[in-house]
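For reference, the structure is listed below as structure tokens.
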Amino acid sequence: MKRRDILKGGLAAGALALLPRGHTQGALQNQPSLGRRYRNLIVFVYDGFSWEDYAIAQAYARRRQGRVLALERLLARYPNGLINTYSLTSYVTESSAAGNAFSCGVKTVNGGLAIHADGTPLKPFFAAAKEAGKAVGLVTTTTVTHATPASFVISNPDRNAEERIAEQYLEFGAEVYLGGGDRFFNPARRKDGKDLYAAFAAKGYGVVRTPEELARSNATRLLGVFADGHVPYEIDRRFQGLGVPSLKEMVQAALPRLAAHRGGFVLQVEAGRIDHANHLNDAGATLWDVLAADEVLELLTAFVDRNPDTLLIVVSDHATGVGGLYGAGRSYLESSQGLDLLEPQRASFEHMLRVLGQAPEASQVKEAFRAMKGVDLEDAEAERVVRAIREKVYWPEGVRQGVQPANTMAWAMVQRNAQKPDRPNIGWSSGQHTASPVMLLLYGQGLRFVNLGLVDNTHVFRLMGEALGLRYQNPVMSEEEALEILKARPQGMRHPEDVWA
């Protein structure tokens, strides 16, 4: 390379370094328009869902179930594109800041709900829809007070303040709340002893806590809380017989209640445990939660077909873990067989850890993997899992693979035979969120000529506003302003043990 070329490269790099932070972190995006209005809006969030998750579920459905995913059919025929996911001060977002971008239309700092770092509250979109006379519903497989659903309806500086968020839900008064999180409503579990179940019942809500109660209830307003924490993974509900409703069953309960409102409705559905399974690096749990989400997608598209004044937005908030099916064998010809090895998986790492307890023996670990993952561990692999659980000695390390001991459990069952998969040939980048662009899809009448392309995650707010004819602007904070405020704070937010960002 000539000296003048080196100097040119240096000058270009220098010019880039002098750009304001907001420009260096941004990207060119278009701003597509719907071109029409709708009466109802459904936002279906695949939390933590990456294109690698799609590829594995797509291939598994075709190879093992003989069917095509509803998501694959929609991607082939309806407007779809990519969204950039970065938050105000980080290329890697978490669910509260991603939810804020969707619901408030502005970038925020990771950690708060519909709020800026200086405490300025923002108006979430579903709050504006409620003011306009829409019924509101939140349905999720996480705690119902978790970041993604909460970011659409309330403002709170701490996404982890779920006891307070439960009270804010009571004050907000949505028609339907369905998910997990008993410890935030139950007086025996709440720190302040308040009985939120009784408080919701006093306001006219039917309170249900089992699938049977959900099916029997004829209440027009509904609070359903089906687990102490998050609703168990689909793989555990399906194969371990855990008594909780599926996401599809919860959505089936929500839709007729919301559709009965003359003014229309807004509904957020969250397949929230895709994200959690990816944090754990648990391929079987991720797969079955994606397949469960696809059942819900079939239900929602059928509803839109019967109710053409409804817009369905399907979107991921960020990618997590990014467990990809990688090539195996000569010319990668053995790669597909790794999908067959997902078939024997019958439980999540979460369920396995409950069964194993805090001090398992290596023999118990080996039996658990054999029975629940279809994998025969070697003695050394089982000992790694024992040490991860008992001594917090993690493999391969506890930084990139920071969700432990589950990430060690994933590494204990990696493929050993390079020529032919003896275990699922799925590799993970980390146990954390990543910065990659993710899916955005629209389904509804009158969208034939919409071209999405690459958009910012804040554009989801504008699409929702155009759909319902609700236009307003939340206050904007610059990255520089936020960084100045953050200098005076401890960096980051410590999450409870079962809260993944």
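Chain lettering (A, B, ...) mirrors the order of the structure tokens, residue numbering begins at 1 for each chain separately, and ligand numbering begins at 1 in order of display.
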Worksheet item: Can you tell me, as a PyMOL selection string, what residues are no more than 12 Å from Glu397 (chain A) when counting only C-alpha atoms, ignoring any on the same chain fewer than 6 positions away?
Response: chain A and resi 384+388+403-405+407-408+411+430-431
Item to complete: Please report, as a ChimeraX atom specification, each residue of region 304-418 of chain A to which DSSP assigns alpha helix (DSSP H) when run on this structure's backbone.
Response: /A:304-306,337-340,349-356,362-372,379-391,406-412
Worksheet item: Got a sec: who's within 12 Å of Ala198 (chain A), counting only C-alpha atoms, leaving out chain neighbours fewer than 2 positions off, as a list in words?
Response: Glu167, Leu170, Phe185, Asn186, Pro187, Gly193, Lys194, Asp195, Leu196, Phe200, Ala201, Ala202, Lys203, Gly204, Tyr205, Gly206, Val207, Val208 and Leu223 of chain A
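Counting only C-alpha atoms and comparing A:His279, A:Arg354, A:Arg370, A:Lys420, the residue that lies closest to Thr434 (chain A) is A:His279.
Between Ser87 (chain A) and the candidates A:Phe102, A:Tyr177, A:Tyr197, A:Phe152, the tightest atom-to-atom separation, counting only C-alpha atoms, involves A:Phe102.
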Item to complete: Looking only at strand (DSSP E) from DSSP on the backbone, list the matching residues of region 50-131 of chain A as a list of chain:residue names.
Response: A:Asn80, A:Gly81, A:Leu82, A:Ile83, A:Asn84
Take the residues that were just selected and, keeping C-alpha atoms, output them as a PDB file, in the first residue's frame.
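Saved to again-v1.pdb:
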```pdb
ATOM      1  CA  ASN A  80     -40.966  -7.818   6.471  1.00  0.00           C
ATOM      2  CA  GLY A  81     -37.560  -6.373   7.164  1.00  0.00           C
ATOM      3  CA  LEU A  82     -34.942  -5.763   9.820  1.00  0.00           C
ATOM      4  CA  ILE A  83     -34.738  -3.475  12.812  1.00  0.00           C
ATOM      5  CA  ASN A  84     -31.645  -2.043  14.466  1.00  0.00           C
TER       6      ASN A  84
END
```
Worksheet entry | Distance query Asn281 (chain A) at most 12 Å, only C-alpha atoms, self and fewer than 6 positions along chain excluded, as a VMD selection string | chain A and resid 48 53 274 to 275 287 320 to 324 348 to 350 400 to 414 426 to 433
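Around Lys248 (chain A), within 9 Å and counting only C-alpha atoms, the residues found are Ala253, Ala292, Ala293, Glu295, Val296, Leu297 and Leu299 of chain A, once anything fewer than 5 positions away on its own chain is removed.
Checking A:Gly465, A:Gly224, A:Gly263, A:Pro232 one by one against Phe126 (chain A), counting only C-alpha atoms, you find the shortest gap at A:Gly465.
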Item to complete: Extract, using only C-alpha atoms, all DNA, RNA and protein residues at most 7 Å from region 111-122 of chain A, discarding same-chain residues fewer than 4 positions from it, and format them as a PyMOL selection string.
Response: chain A and resi 96-97+100+104+151+154-159+474+482+485+493
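For the atom pair formed by CA of Thr140 (chain A) and CA of His276 (chain A), the distance is 12.8 Å, given to one decimal.
Distances here use only C-alpha atoms; by that measure, the residue among A:Ser103, A:Glu298, A:Asp309, A:Val136 closest to Glu72 (chain A) is A:Glu298.
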Item to complete: Considering only C-alpha atoms, state which residue in the set A:Leu75, A:Ala259, A:Met250, A:Leu267 is at the smallest distance from Leu138 (chain A).
Response: A:Leu267
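The residue that comes closest to Asn278 (chain A), out of A:Arg346, A:His318, A:Arg209, A:Arg73 and on the basis of only C-alpha atoms, is A:His318.
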For the interface of region 389-500 of chain A with region 106-109 of chain A (cut-off 12 Å, counting only C-alpha atoms), please tabulate each contacting residue of region 389-500 of chain A alongside its nearest pair of atoms and their separation in Å to one decimal, rows sorted by chain and increasing number, as JSON lines.
```
{"residue": "A:Asp456", "atom": "CA", "partner": "A:Lys107", "partner_atom": "CA", "distance": 9.9}
{"residue": "A:Asn457", "atom": "CA", "partner": "A:Lys107", "partner_atom": "CA", "distance": 8.8}
{"residue": "A:Thr458", "atom": "CA", "partner": "A:Val106", "partner_atom": "CA", "distance": 5.8}
{"residue": "A:His459", "atom": "CA", "partner": "A:Val106", "partner_atom": "CA", "distance": 9.0}
{"residue": "A:Val460", "atom": "CA", "partner": "A:Val106", "partner_atom": "CA", "distance": 10.4}
{"residue": "A:Phe461", "atom": "CA", "partner": "A:Val106", "partner_atom": "CA", "distance": 8.6}
{"residue": "A:Arg462", "atom": "CA", "partner": "A:Val106", "partner_atom": "CA", "distance": 10.4}
{"residue": "A:Tyr472", "atom": "CA", "partner": "A:Val106", "partner_atom": "CA", "distance": 11.6}
{"residue": "A:Gln473", "atom": "CA", "partner": "A:Val106", "partner_atom": "CA", "distance": 8.7}
{"residue": "A:Asn474", "atom": "CA", "partner": "A:Val106", "partner_atom": "CA", "distance": 6.9}
{"residue": "A:Pro475", "atom": "CA", "partner": "A:Val106", "partner_atom": "CA", "distance": 7.7}
{"residue": "A:Val476", "atom": "CA", "partner": "A:Val106", "partner_atom": "CA", "distance": 6.2}
{"residue": "A:Met477", "atom": "CA", "partner": "A:Thr108", "partner_atom": "CA", "distance": 7.6}
{"residue": "A:Ser478", "atom": "CA", "partner": "A:Lys107", "partner_atom": "CA", "distance": 8.5}
{"residue": "A:Glu479", "atom": "CA", "partner": "A:Thr108", "partner_atom": "CA", "distance": 8.7}
{"residue": "A:Glu480", "atom": "CA", "partner": "A:Val109", "partner_atom": "CA", "distance": 11.5}
{"residue": "A:Glu481", "atom": "CA", "partner": "A:Val109", "partner_atom": "CA", "distance": 10.8}
{"residue": "A:Ala482", "atom": "CA", "partner": "A:Val109", "partner_atom": "CA", "distance": 7.3}
{"residue": "A:Leu483", "atom": "CA", "partner": "A:Val109", "partner_atom": "CA", "distance": 9.1}
{"residue": "A:Glu484", "atom": "CA", "partner": "A:Val109", "partner_atom": "CA", "distance": 11.9}
{"residue": "A:Ile485", "atom": "CA", "partner": "A:Val109", "partner_atom": "CA", "distance": 10.4}
{"residue": "A:Leu486", "atom": "CA", "partner": "A:Val109", "partner_atom": "CA", "distance": 9.1}
{"residue": "A:Gln491", "atom": "CA", "partner": "A:Val109", "partner_atom": "CA", "distance": 11.4}
{"residue": "A:Gly492", "atom": "CA", "partner": "A:Val109", "partner_atom": "CA", "distance": 10.1}
{"residue": "A:Met493", "atom": "CA", "partner": "A:Val109", "partner_atom": "CA", "distance": 11.2}
```
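The interatomic distance for the pair CA of Gly241 (chain A) and CA of Ala371 (chain A) works out to 15.0 Å.
Our summary of the geometry notes that CA of Pro32 (chain A) is positioned 15.7 Å from CA of Val314 (chain A).
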Discussion item. Give me the residues near region 128-134 of chain A as a VMD selection string, where near means some atom within 6 Å (using only C-alpha atoms) and where sequence neighbours in that chain fewer than 3 positions away do not count.
Written reply: chain A and resid 125 263 to 265
What would the file look like if the residues just selected were written as a compact mmCIF listing (two decimals), in the first residue's frame with N, CA, C and O atoms?
```
# COMPACT_ATOMS: atom_id res chain seq x y z
N PHE A 125 -47.29 3.74 24.40
CA PHE A 125 -48.31 3.78 23.35
C PHE A 125 -49.65 3.21 23.82
O PHE A 125 -50.71 3.73 23.47
N GLY A 263 -64.85 0.14 20.93
CA GLY A 263 -63.83 1.07 20.47
C GLY A 263 -62.59 0.43 19.91
O GLY A 263 -61.65 1.11 19.50
N GLY A 264 -62.56 -0.92 19.88
CA GLY A 264 -61.37 -1.61 19.42
C GLY A 264 -60.41 -1.90 20.56
O GLY A 264 -60.67 -1.57 21.72
N PHE A 265 -59.27 -2.49 20.23
CA PHE A 265 -58.34 -2.90 21.29
C PHE A 265 -56.90 -2.86 20.81
O PHE A 265 -56.61 -2.82 19.61
```
